[in-house]
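Printed here is coords_17.txt (compact mmCIF, C-alpha atoms):
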# COMPACT_ATOMS: atom_id res chain seq x y z
CA MET A 6 -11.80 -16.21 114.99
CA SER A 7 -8.86 -14.55 113.25
CA SER A 8 -8.34 -10.83 113.66
CA LEU A 9 -9.79 -8.44 111.10
CA THR A 10 -6.26 -7.69 109.92
CA ASP A 11 -5.53 -11.37 109.33
CA ARG A 12 -8.76 -11.77 107.41
CA TYR A 13 -8.06 -8.67 105.31
CA VAL A 14 -4.46 -9.66 104.53
CA HIS A 15 -5.61 -13.13 103.54
CA ALA A 16 -8.37 -11.69 101.34
CA VAL A 17 -5.78 -9.61 99.47
CA THR A 18 -2.93 -12.10 99.18
CA SER A 19 -5.10 -15.06 98.21
CA GLN A 20 -5.67 -13.20 94.92
CA LEU A 21 -1.93 -12.84 94.26
CA PRO A 22 0.69 -15.22 92.82
CA GLU A 23 1.99 -17.69 95.40
CA ARG A 24 5.59 -16.47 95.48
CA GLN A 25 4.61 -12.87 96.34
CA ARG A 26 2.10 -13.76 99.04
CA SER A 27 4.10 -14.02 102.25
CA ASP A 28 6.23 -10.96 101.58
CA ILE A 29 3.28 -8.73 100.71
CA ALA A 30 1.30 -10.17 103.63
CA GLU A 31 4.03 -9.29 106.09
CA GLU A 32 4.44 -5.78 104.71
CA LEU A 33 0.69 -5.20 104.72
CA ARG A 34 0.39 -6.41 108.29
CA GLY A 35 3.15 -4.04 109.37
CA THR A 36 1.55 -1.16 107.50
CA ILE A 37 -1.82 -1.77 109.14
CA GLU A 38 -0.19 -1.95 112.59
CA ASP A 39 1.65 1.31 111.87
CA THR A 40 -1.58 2.96 110.80
CA VAL A 41 -3.40 1.75 113.90
CA ALA A 42 -0.53 2.85 116.16
CA ALA A 43 -0.60 6.32 114.60
CA SER A 44 -4.27 6.91 115.32
CA PRO A 45 -5.04 9.67 117.86
CA GLU A 46 -4.70 8.72 121.51
CA GLY A 47 -7.83 7.44 123.17
CA THR A 48 -9.20 5.84 119.99
CA ASP A 49 -10.71 2.40 120.49
CA PRO A 50 -8.12 -0.05 119.03
CA ALA A 51 -10.80 -2.14 117.33
CA GLU A 52 -12.27 0.99 115.77
CA ALA A 53 -8.80 2.15 114.67
CA GLU A 54 -8.18 -1.23 113.02
CA ARG A 55 -11.47 -1.04 111.13
CA ALA A 56 -10.66 2.51 110.00
CA ALA A 57 -7.17 1.47 108.83
CA LEU A 58 -8.60 -1.40 106.78
CA ARG A 59 -11.33 0.75 105.25
CA GLU A 60 -8.68 3.28 104.29
CA LEU A 61 -6.70 0.61 102.45
CA GLY A 62 -9.78 -0.06 100.38
CA HIS A 63 -11.49 -3.16 99.01
CA PRO A 64 -9.21 -6.22 99.07
CA THR A 65 -9.82 -6.94 95.40
CA THR A 66 -8.92 -3.38 94.38
CA LEU A 67 -5.70 -3.58 96.38
CA ALA A 68 -4.87 -6.99 94.93
CA ASP A 69 -5.55 -5.64 91.41
CA ASN A 70 -3.16 -2.76 92.11
CA TYR A 71 -0.47 -5.19 93.24
CA ARG A 72 -0.99 -7.31 90.17
CA GLY A 73 -0.98 -4.22 87.95
CA GLU A 74 -3.17 -5.72 85.27
CA VAL A 75 -6.84 -5.96 84.48
CA ARG A 76 -8.33 -9.38 84.73
CA ALA A 77 -10.56 -10.14 81.78
CA VAL A 78 -11.20 -13.30 79.80
CA ILE A 79 -11.68 -11.25 76.63
CA GLY A 80 -10.49 -7.65 76.58
CA PRO A 81 -12.00 -4.62 74.84
CA ARG A 82 -9.91 -5.19 71.69
CA LEU A 83 -11.40 -8.57 70.87
CA TYR A 84 -14.78 -8.20 72.57
CA PRO A 85 -16.65 -6.94 69.46
CA ALA A 86 -15.24 -9.78 67.36
CA TRP A 87 -16.13 -12.32 70.05
CA LEU A 88 -19.69 -11.03 70.24
CA ARG A 89 -20.07 -11.02 66.47
CA THR A 90 -18.71 -14.55 66.14
CA LEU A 91 -20.86 -15.85 68.95
CA LYS A 92 -24.01 -14.34 67.48
CA ALA A 93 -23.35 -15.82 64.04
CA LEU A 94 -22.51 -19.23 65.46
CA LEU A 95 -25.42 -19.32 67.89
CA LEU A 96 -27.65 -18.68 64.91
CA TRP A 97 -26.22 -21.32 62.57
CA VAL A 98 -24.79 -24.28 64.47
CA PRO A 99 -27.80 -24.98 66.73
CA ALA A 100 -30.07 -24.54 63.70
CA MET A 101 -28.06 -27.06 61.68
CA VAL A 102 -28.02 -29.54 64.55
CA GLY A 103 -31.75 -29.00 65.06
CA VAL A 104 -32.46 -29.78 61.39
CA ILE A 105 -30.37 -32.95 61.61
CA MET A 106 -32.28 -34.08 64.69
CA LEU A 107 -35.54 -33.37 62.88
CA VAL A 108 -34.49 -35.38 59.82
CA LEU A 109 -33.26 -38.27 61.95
CA GLY A 110 -36.47 -38.24 63.95
CA VAL A 111 -38.60 -38.33 60.83
CA ILE A 112 -36.50 -41.15 59.35
CA ASP A 113 -36.74 -43.15 62.56
CA GLN A 114 -40.47 -42.39 62.62
CA ASP A 115 -40.26 -41.32 66.25
CA ARG A 116 -43.27 -39.85 67.99
CA PRO A 117 -43.52 -36.06 67.43
CA LEU A 118 -42.93 -35.35 71.11
CA ASP A 119 -39.73 -37.42 71.13
CA VAL A 120 -38.55 -35.66 67.97
CA LEU A 121 -39.24 -32.30 69.57
CA GLY A 122 -37.37 -33.39 72.71
CA SER A 123 -34.28 -34.48 70.76
CA ILE A 124 -34.37 -31.26 68.72
CA VAL A 125 -34.50 -29.13 71.88
CA SER A 126 -31.70 -31.06 73.60
CA GLY A 127 -29.59 -31.05 70.41
CA VAL A 128 -30.03 -27.31 69.97
CA LEU A 129 -29.18 -26.60 73.61
CA TYR A 130 -26.17 -28.88 73.44
CA ALA A 131 -24.92 -27.19 70.26
CA ALA A 132 -25.39 -23.72 71.78
CA LEU A 133 -23.38 -24.81 74.82
CA MET A 134 -20.55 -26.21 72.69
CA VAL A 135 -20.45 -23.09 70.52
CA ALA A 136 -20.40 -20.65 73.43
CA PHE A 137 -17.72 -22.60 75.25
CA TRP A 138 -15.28 -23.20 72.40
CA VAL A 139 -15.61 -19.76 70.85
CA THR A 140 -14.86 -18.20 74.23
CA VAL A 141 -11.88 -20.50 74.78
CA GLY A 142 -10.54 -19.65 71.32
CA PHE A 143 -10.87 -15.90 71.84
CA ALA A 144 -9.37 -16.15 75.32
CA ILE A 145 -6.30 -17.79 73.75
CA ALA A 146 -6.17 -15.10 71.06
CA GLU A 147 -6.43 -12.47 73.79
CA ARG A 148 -3.47 -13.92 75.69
CA THR A 149 -1.22 -14.52 72.72
CA GLY A 150 -2.31 -11.82 70.32
CA ALA A 151 -2.05 -8.34 71.81
CA GLU A 152 1.68 -7.79 72.01
CA SER A 153 2.93 -10.09 69.28
CA GLU A 154 0.49 -8.53 66.84
CA THR A 155 2.04 -5.08 67.19
CA LEU A 156 5.52 -6.58 67.08
CA GLU A 157 4.83 -8.72 64.04
CA ILE A 158 3.45 -5.83 62.06
CA LEU A 159 5.77 -3.06 63.16
CA GLY A 160 8.97 -4.71 64.33
CA THR A 161 10.38 -3.25 67.53
CA ASN A 162 8.82 -0.10 68.91
CA GLU A 163 12.02 1.86 68.45
CA ASP A 164 12.60 1.82 64.72
CA TRP A 165 9.33 0.87 63.12
CA ASP A 166 8.81 1.91 59.56
CA PRO A 167 5.54 3.68 58.76
CA ALA A 168 5.63 1.88 55.43
CA ASP A 169 5.07 -1.38 57.31
CA LEU A 170 1.70 -0.23 58.61
CA PRO A 171 -0.98 -2.66 57.48
CA GLU A 172 -3.69 -1.56 55.10
CA PRO A 173 -6.76 -0.61 57.09
CA GLN A 174 -9.39 -3.36 57.24
CA ARG A 175 -7.29 -5.67 55.11
CA ARG A 176 -8.07 -9.09 56.47
CA GLN A 177 -6.34 -12.08 54.97
CA VAL A 178 -9.39 -14.16 55.80
CA SER A 179 -12.71 -12.37 55.34
CA TRP A 180 -15.36 -12.43 58.05
CA GLY A 181 -17.59 -14.56 55.88
CA ASP A 182 -14.91 -17.22 55.23
CA GLY A 183 -13.73 -17.11 58.82
CA ILE A 184 -17.22 -17.57 60.23
CA LEU A 185 -18.02 -20.35 57.74
CA SER A 186 -14.91 -22.26 58.78
CA VAL A 187 -15.71 -21.87 62.49
CA VAL A 188 -19.34 -22.87 61.90
CA LEU A 189 -18.32 -26.05 60.04
CA ASN A 190 -15.77 -27.05 62.68
CA ALA A 191 -18.19 -26.35 65.54
CA PHE A 192 -20.91 -28.27 63.72
CA VAL A 193 -18.77 -31.37 63.17
CA LEU A 194 -17.58 -31.22 66.78
CA THR A 195 -21.14 -30.98 68.09
CA ILE A 196 -22.25 -33.90 65.96
CA LEU A 197 -19.24 -35.95 67.14
CA LEU A 198 -20.00 -35.30 70.79
CA LEU A 199 -23.76 -35.36 70.54
CA PRO A 200 -24.73 -38.27 72.75
CA GLY A 201 -25.48 -41.39 70.87
CA ARG A 202 -27.08 -41.16 67.51
CA LEU A 203 -24.56 -41.10 64.66
CA GLY A 204 -22.73 -44.37 64.54
CA GLY A 205 -23.64 -45.40 68.04
CA ASP A 206 -25.44 -48.54 69.07
CA LEU A 207 -29.14 -48.15 68.59
CA ASP A 208 -31.47 -50.03 70.83
CA GLY A 209 -34.26 -51.64 68.89
CA PHE A 210 -32.78 -50.96 65.47
CA ALA A 211 -30.98 -53.66 63.58
CA TRP A 212 -30.17 -51.38 60.69
CA GLY A 213 -29.64 -47.83 61.91
CA GLN A 214 -25.94 -47.88 62.64
CA ILE A 215 -23.84 -46.07 60.04
CA PHE A 216 -20.34 -46.36 61.48
CA THR A 217 -18.67 -49.35 63.11
CA ASP A 218 -18.17 -49.77 66.84
CA THR A 219 -14.44 -49.20 66.32
CA ALA A 220 -15.15 -45.89 64.60
CA TYR A 221 -17.57 -45.02 67.35
CA SER A 222 -14.99 -45.69 70.06
CA LEU A 223 -12.46 -43.47 68.26
CA ARG A 224 -14.76 -40.45 68.14
CA TRP A 225 -13.06 -38.83 71.15
CA LEU A 226 -9.83 -38.72 69.18
CA LEU A 227 -11.67 -37.18 66.25
CA ALA A 228 -13.32 -34.70 68.60
CA ALA A 229 -9.91 -33.73 70.06
CA GLY A 230 -8.68 -33.06 66.53
CA MET A 231 -11.78 -31.04 65.78
CA VAL A 232 -11.25 -28.99 68.96
CA ALA A 233 -7.72 -28.08 67.77
CA SER A 234 -9.01 -27.12 64.32
CA LEU A 235 -11.92 -25.20 65.82
CA LEU A 236 -9.64 -23.21 68.15
CA ALA A 237 -7.34 -22.48 65.21
CA SER A 238 -10.27 -21.27 63.10
CA VAL A 239 -11.56 -19.07 65.94
CA PHE A 240 -8.07 -17.63 66.30
CA VAL A 241 -7.87 -16.92 62.57
CA LEU A 242 -11.25 -15.24 62.75
CA ALA A 243 -10.16 -13.11 65.71
CA ARG A 244 -6.85 -12.03 64.14
CA GLY A 245 -8.01 -11.99 60.54
CA ARG A 246 -5.05 -14.02 59.31
CA TRP A 247 -3.07 -17.23 59.64
CA THR A 248 0.07 -17.45 61.75
CA TRP A 249 2.59 -20.31 62.08
CA PRO A 250 1.28 -21.53 65.47
CA THR A 251 -2.30 -21.44 64.21
CA ALA A 252 -1.40 -23.34 61.06
CA VAL A 253 0.45 -25.96 63.14
CA ALA A 254 -2.50 -26.30 65.55
CA ASN A 255 -4.80 -26.72 62.57
CA LEU A 256 -2.49 -29.36 61.07
CA VAL A 257 -2.42 -31.31 64.35
CA GLY A 258 -6.21 -31.12 64.44
CA THR A 259 -6.49 -32.28 60.83
CA ILE A 260 -4.15 -35.24 61.43
CA LEU A 261 -6.10 -36.28 64.53
CA PHE A 262 -9.37 -36.05 62.63
CA VAL A 263 -8.47 -37.40 59.20
CA GLY A 264 -5.80 -39.89 60.32
CA PRO A 265 -8.08 -42.26 62.25
CA LEU A 266 -10.78 -42.05 59.56
CA VAL A 267 -8.35 -42.96 56.77
CA TRP A 268 -6.87 -45.73 58.91
CA LEU A 269 -10.34 -47.13 59.58
CA ALA A 270 -11.30 -46.87 55.92
CA ALA A 271 -8.12 -48.64 54.86
CA ARG A 272 -8.98 -51.55 57.18
CA ASP A 273 -12.60 -51.47 55.98
CA ASP A 274 -13.61 -50.82 59.56
CA LEU A 275 -15.31 -47.46 59.04
CA TYR A 276 -18.81 -48.10 57.76
CA ALA A 277 -21.07 -50.69 59.36
CA TRP A 278 -22.16 -52.25 56.07
CA ASP A 279 -24.56 -54.75 57.59
CA THR A 280 -26.57 -52.22 59.53
CA LEU A 281 -26.27 -49.35 57.08
CA PRO A 282 -29.66 -47.69 56.85
CA ALA A 283 -29.74 -48.26 53.10
CA ALA A 284 -33.35 -49.36 53.23
CA TRP A 285 -34.74 -45.86 53.54
CA LEU A 286 -32.28 -44.49 51.04
CA ALA A 287 -33.67 -46.89 48.48
CA ASP A 288 -37.22 -46.27 49.57
CA GLY A 289 -37.76 -49.77 50.90
CA GLY A 290 -36.17 -51.48 47.93
CA THR A 291 -32.79 -53.05 47.87
CA LEU A 292 -29.91 -50.66 47.43
CA ARG A 293 -26.54 -52.18 46.76
CA VAL A 294 -23.66 -50.23 48.16
CA ASN A 295 -20.38 -50.57 46.33
CA GLU A 296 -18.26 -50.98 49.42
CA GLU A 297 -14.85 -50.65 47.81
CA GLN A 298 -15.72 -47.55 45.83
CA THR A 299 -17.37 -45.88 48.80
CA LEU A 300 -14.23 -46.41 50.85
CA ILE A 301 -11.97 -45.14 48.08
CA VAL A 302 -14.11 -42.02 47.56
CA THR A 303 -14.19 -41.41 51.32
CA VAL A 304 -10.40 -41.61 51.60
CA ILE A 305 -9.84 -39.40 48.55
CA VAL A 306 -12.27 -36.75 49.73
CA LEU A 307 -10.78 -36.68 53.24
CA VAL A 308 -7.18 -36.55 52.03
CA VAL A 309 -7.89 -33.87 49.41
CA ILE A 310 -9.66 -31.66 51.97
CA ALA A 311 -6.89 -32.20 54.54
CA VAL A 312 -4.06 -31.48 52.08
CA TRP A 313 -5.77 -28.40 50.65
CA ASP A 314 -6.64 -27.06 54.12
CA THR A 315 -3.06 -27.54 55.35
CA PHE A 316 -1.49 -26.13 52.17
CA ASP A 317 -3.80 -23.08 52.24
CA SER A 318 -3.17 -22.28 55.92
CA PHE A 319 0.62 -22.61 55.69
CA ARG A 320 0.74 -20.61 52.47
CA LYS A 321 -1.20 -17.79 54.13
CA ALA A 322 0.92 -17.97 57.27
CA ALA A 323 4.06 -17.72 55.10
CA ARG A 324 2.70 -14.75 53.20
CA GLU A 325 2.46 -12.75 56.40
CA HIS A 326 6.18 -12.86 56.99
CA MET B 10 -21.33 14.01 85.91
CA ASN B 11 -21.57 17.37 87.65
CA ILE B 12 -18.82 20.01 87.75
CA GLU B 13 -17.40 18.89 91.11
CA GLU B 14 -17.02 15.29 89.95
CA THR B 15 -15.44 16.42 86.70
CA LEU B 16 -12.96 18.56 88.62
CA ALA B 17 -12.19 15.71 91.00
CA ALA B 18 -11.53 13.34 88.09
CA HIS B 19 -9.22 15.80 86.34
CA SER B 20 -7.22 16.74 89.42
CA GLN B 21 -6.84 13.06 90.32
CA GLU B 22 -5.51 12.53 86.80
CA ILE B 23 -2.92 15.30 87.35
CA ARG B 24 -1.87 13.95 90.75
CA ARG B 25 -1.59 10.36 89.61
CA GLY B 26 1.40 11.07 87.42
CA THR B 27 3.26 12.94 90.13
CA VAL B 28 3.26 10.16 92.72
CA VAL B 29 6.20 8.34 91.14
CA LEU B 30 8.41 11.43 91.24
CA ALA B 31 7.23 12.27 94.77
CA ALA B 32 8.11 8.74 95.93
CA LEU B 33 11.50 8.70 94.18
CA ALA B 34 12.29 12.16 95.60
CA SER B 35 11.57 10.94 99.14
CA LEU B 36 13.57 7.72 99.00
CA GLY B 37 17.09 9.15 98.96
CA GLU B 38 17.09 7.77 102.49
CA PRO B 39 15.45 4.40 103.20
CA ARG B 40 11.82 4.55 104.30
CA TYR B 41 9.14 1.94 104.88
CA GLY B 42 5.69 2.16 103.33
CA TYR B 43 3.73 3.83 106.09
CA ALA B 44 6.51 6.31 106.93
CA LEU B 45 6.71 7.28 103.26
CA LEU B 46 2.95 7.81 103.18
CA GLU B 47 3.22 10.11 106.22
CA HIS B 48 6.23 11.89 104.74
CA LEU B 49 4.37 12.58 101.50
CA SER B 50 1.27 13.65 103.38
CA ASP B 51 3.30 16.10 105.49
CA ALA B 52 4.77 17.50 102.29
CA GLY B 53 1.28 18.02 100.89
CA ILE B 54 1.14 15.01 98.57
CA GLU B 55 -2.00 13.05 99.43
CA VAL B 56 -1.78 9.51 98.11
CA GLU B 57 -3.84 6.46 99.03
CA GLY B 58 -2.07 3.51 100.61
CA ASN B 59 -3.61 1.15 98.09
CA THR B 60 -1.89 3.15 95.34
CA LEU B 61 1.44 3.76 97.06
CA TYR B 62 2.27 0.28 98.41
CA PRO B 63 1.73 -1.53 95.11
CA LEU B 64 3.61 1.28 93.34
CA LEU B 65 6.68 0.69 95.52
CA ARG B 66 6.65 -2.97 94.44
CA ARG B 67 6.44 -1.99 90.78
CA LEU B 68 9.32 0.49 91.09
CA GLU B 69 11.35 -2.20 92.82
CA LYS B 70 10.57 -4.63 90.01
CA GLN B 71 11.71 -2.00 87.51
CA GLY B 72 15.02 -1.79 89.35
CA LEU B 73 14.53 1.79 90.57
CA LEU B 74 14.20 0.81 94.22
CA VAL B 75 15.78 -1.80 96.39
CA SER B 76 14.15 -3.10 99.55
CA GLU B 77 15.39 -4.59 102.76
CA TRP B 78 13.57 -6.05 105.74
CA ASN B 79 14.48 -4.43 109.04
CA THR B 80 13.65 -6.61 112.01
CA ASP B 81 15.39 -4.55 114.71
CA GLU B 82 12.25 -2.77 115.81
CA SER B 83 9.04 -4.02 117.39
CA ARG B 84 7.53 -5.02 114.07
CA PRO B 85 9.40 -6.00 110.91
CA ARG B 86 9.37 -3.29 108.26
CA LYS B 87 10.33 -3.29 104.62
CA PHE B 88 12.58 -0.33 103.84
CA TYR B 89 12.82 0.96 100.29
CA SER B 90 15.62 3.12 98.91
CA LEU B 91 16.83 4.33 95.52
CA THR B 92 19.18 2.36 93.31
CA ALA B 93 21.61 4.01 90.89
CA ASP B 94 18.97 3.63 88.16
CA GLY B 95 16.41 5.12 90.51
CA ARG B 96 18.61 8.17 91.07
CA ALA B 97 19.06 8.66 87.34
CA ILE B 98 15.33 8.40 86.75
CA ARG B 99 14.67 10.78 89.63
CA THR B 100 17.00 13.38 88.09
CA ALA B 101 15.45 13.00 84.66
CA LEU B 102 11.89 13.19 85.99
CA THR B 103 12.76 16.24 88.09
CA GLN B 104 13.99 18.02 84.97
CA GLU B 105 10.88 16.93 83.14
CA TRP B 106 8.74 18.26 85.96
CA GLY B 107 10.61 21.58 85.94
CA ALA B 108 10.11 22.00 82.22
CA LEU B 109 6.42 21.12 82.48
CA ASN B 110 5.98 23.49 85.40
CA THR B 111 7.59 26.37 83.49
CA ALA B 112 5.55 25.67 80.40
CA LEU B 113 2.30 25.42 82.31
CA GLN B 114 3.03 28.55 84.30
CA THR B 115 3.57 30.46 81.09
CA LEU B 116 0.40 29.06 79.56
CA THR B 117 -1.84 29.55 82.59
CA SER B 118 -0.63 33.09 83.31
CA ARG B 119 -1.44 34.00 79.71
CA GLY B 120 -4.81 32.33 80.02
CA ASN B 121 -5.67 34.30 83.16
CA SER B 122 -4.76 37.69 81.78
Output the structure of this file as structure tokens.
Amino acid sequence: MSSLTDRYVHAVTSQLPERQRSDIAEELRGTIEDTVAASPEGTDPAEAERAALRELGHPTTLADNYRGEVRAVIGPRLYPAWLRTLKALLLWVPAMVGVIMLVLGVIDQDRPLDVLGSIVSGVLYAALMVAFWVTVGFAIAERTGAESETLEILGTNEDWDPADLPEPQRRQVSWGDGILSVVLNAFVLTILLLPGRLGGDLDGFAWGQIFTDTAYSLRWLLAAGMVASLLASVFVLARGRWTWPTAVANLVGTILFVGPLVWLAARDDLYAWDTLPAAWLADGGTLRVNEEQTLIVTVIVLVVIAVWDTFDSFRKAAREH
Amino acid sequence: MNIEETLAAHSQEIRRGTVVLAALASLGEPRYGYALLEHLSDAGIEVEGNTLYPLLRRLEKQGLLVSEWNTDESRPRKFYSLTADGRAIRTALTQEWGALNTALQTLTSRGNS
């Protein structure tokens, strides 16, 4: 077994950046030996070693002092906003997903217990997605926001102009708009990643599939785009305004999401016309879908939303400078 | 929080700010961590090792101290000493301390009368 000193030194340095480890370890070891050597004559060496280590304090405290910074995923500045966002999203996104599962279950005429099961799993899945992505978004805002925010608003610390101080509470994006945008992004992402139902192959149903297999196989790309947009919207919510990096991240997300959909629509490989569940839409009768017009409308809607979203975010980012 | 704990918290707060000056004042000649701790303790400045050793690293990073490993003795020791910047900071902080001391003496003697 290693000596107590070795175990202590390892416990401290394993929490420090690699390049500092060996140097700090060697210094610590020397310090502990010095402390032990300086203990009154006749002291049991093992007891002196224990005393020296106890005096140095808990390894994590010492490591924190060496690092000189507090470790926190989300610090006190953004914590209230994170909590508020999470509460709002945990209320809305799982509820929306739950309603969708309910509607789908009723349409499919599943047994009540199966419907209940899919609602519960959908709600849990949505809650998990929301909690994870909101936390990731705020963690990014925490790591990139704190210093640059002060600098952006006030210039350098030396010659800041009091006239540059921002209006109190003036958010470029209101809480309501910010939350709505995050809710929509999180909702679409959850639906995209929700195992199976929308656009996937359906065992036992010849008609349930809405989107083609190609579209289905591309959903990971769409989800990646939605993650970028979601993180951008969380960031905007946390900071209250658009910045260039956020607008660019949002644009990348929009391209990844809208690009494949438009491409699929242009090749008429988006909707699975043959298995479209048009039967229940038309209440058992025959509903004719105008394929060309549906595709055109889809493309126009997607492109208009994408262009407006991008224009709006870049305009707001520009206004801040 | 009772009165003893409150006092302990406040006096720790006062002492915390003085450790940097105490360390800079003692490093005109090179010293290693444990010797510096002893030196400060002998002078009446009680500071915990887990505060002092990381502090020395920070001061070195700020360019106020320079360190050198000495392997001549039985165990290798890292000796810290002042740089030119460190000397300048030490002088400035000493003046600051003097001014504070005078001001506080004036204030506290008035408060006691």
Hey, which bits of chain A sit within 6 Å of chain B, and for each residue what's the closest pair of atoms and how far apart in Å (one decimal), counting all atoms listed in the file, rows by chain and increasing number, as CSV?
residue,atom,partner,partner_atom,distance
A:Thr36,CA,B:Tyr43,CA,5.6
A:Leu61,CA,B:Asn59,CA,5.4
A:Leu67,CA,B:Asn59,CA,5.4
A:Asn70,CA,B:Pro63,CA,5.9
A:Tyr71,CA,B:Pro63,CA,4.7
The residue from A:Pro50, A:Leu189, A:Ala243, A:Tyr221 with the smallest atom-to-atom distance to Thr140 in chain A, counting all atoms listed in the file, is A:Ala243
Report as an MDAnalysis selection string all protein, DNA and RNA residues lying within 12 Å of range 259-264 of chain A, evaluated on all atoms listed in the file, omitting residues in the same chain fewer than 3 positions from it.
chainID A and resid 190 193:194 197 220 223:235 237:238 252:256 267:271 303:316 318
Just to confirm, what's the straight-line distance from CA of Lys92 in chain A to CA of Phe319 in chain A in Å (one decimal)?
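We find that CA of Lys92 in chain A and CA of Phe319 in chain A lie 28.5 Å from each other.
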Top pick for closest residue to Leu133 in chain A, considering A:Gln25, A:Thr65, A:Thr18, A:Thr195 and counting only C-alpha atoms:
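For Leu133 in chain A, the nearest of the candidates is A:Thr195.
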Residues at most 9 Å from Val178 in chain A, counting only C-alpha atoms, excluding those fewer than 4 positions away in the same chain, as a ChimeraX atom specification?
/A:182-183,241-242,244-247
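As for CA of Gln177 in chain A and CA of Met101 in chain A, they are spaced 27.2 Å apart.
CA of Ile184 in chain A is positioned 15.8 Å from CA of Phe137 in chain A.
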Pick out the closest residue to Leu95 in chain A from this set: A:Thr66, A:Val135, A:Leu109, A:Glu46. Count all atoms listed in the file.
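Selected residue with least distance to Leu95 in chain A: A:Val135.
If all atoms listed in the file are the atoms counted, then among A:Met106, A:Ile145, A:Pro265, A:Gly35 the closest residue to Asn79 in chain B is A:Gly35.
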Using all atoms listed in the file, which protein or nucleic acid residues come within 10 Å of Leu36 in chain B? Drop anything in the same chain fewer than 5 positions from it, and give the result as a PyMOL selection string.
chain B and resi 31+41+45+74+88-92+95-96+99
Convert the current residue selection to file output with C-alpha atoms, as a PDB file, keeping the file's coordinate frame.
ATOM      1  CA  ALA B  31       7.230  12.270  94.770  1.00  0.00           C
ATOM      2  CA  TYR B  41       9.140   1.940 104.880  1.00  0.00           C
ATOM      3  CA  LEU B  45       6.710   7.280 103.260  1.00  0.00           C
ATOM      4  CA  LEU B  74      14.200   0.810  94.220  1.00  0.00           C
ATOM      5  CA  PHE B  88      12.580  -0.330 103.840  1.00  0.00           C
ATOM      6  CA  TYR B  89      12.820   0.960 100.290  1.00  0.00           C
ATOM      7  CA  SER B  90      15.620   3.120  98.910  1.00  0.00           C
ATOM      8  CA  LEU B  91      16.830   4.330  95.520  1.00  0.00           C
ATOM      9  CA  THR B  92      19.180   2.360  93.310  1.00  0.00           C
ATOM     10  CA  GLY B  95      16.410   5.120  90.510  1.00  0.00           C
ATOM     11  CA  ARG B  96      18.610   8.170  91.070  1.00  0.00           C
ATOM     12  CA  ARG B  99      14.670  10.780  89.630  1.00  0.00           C
TER      13      ARG B  99
END
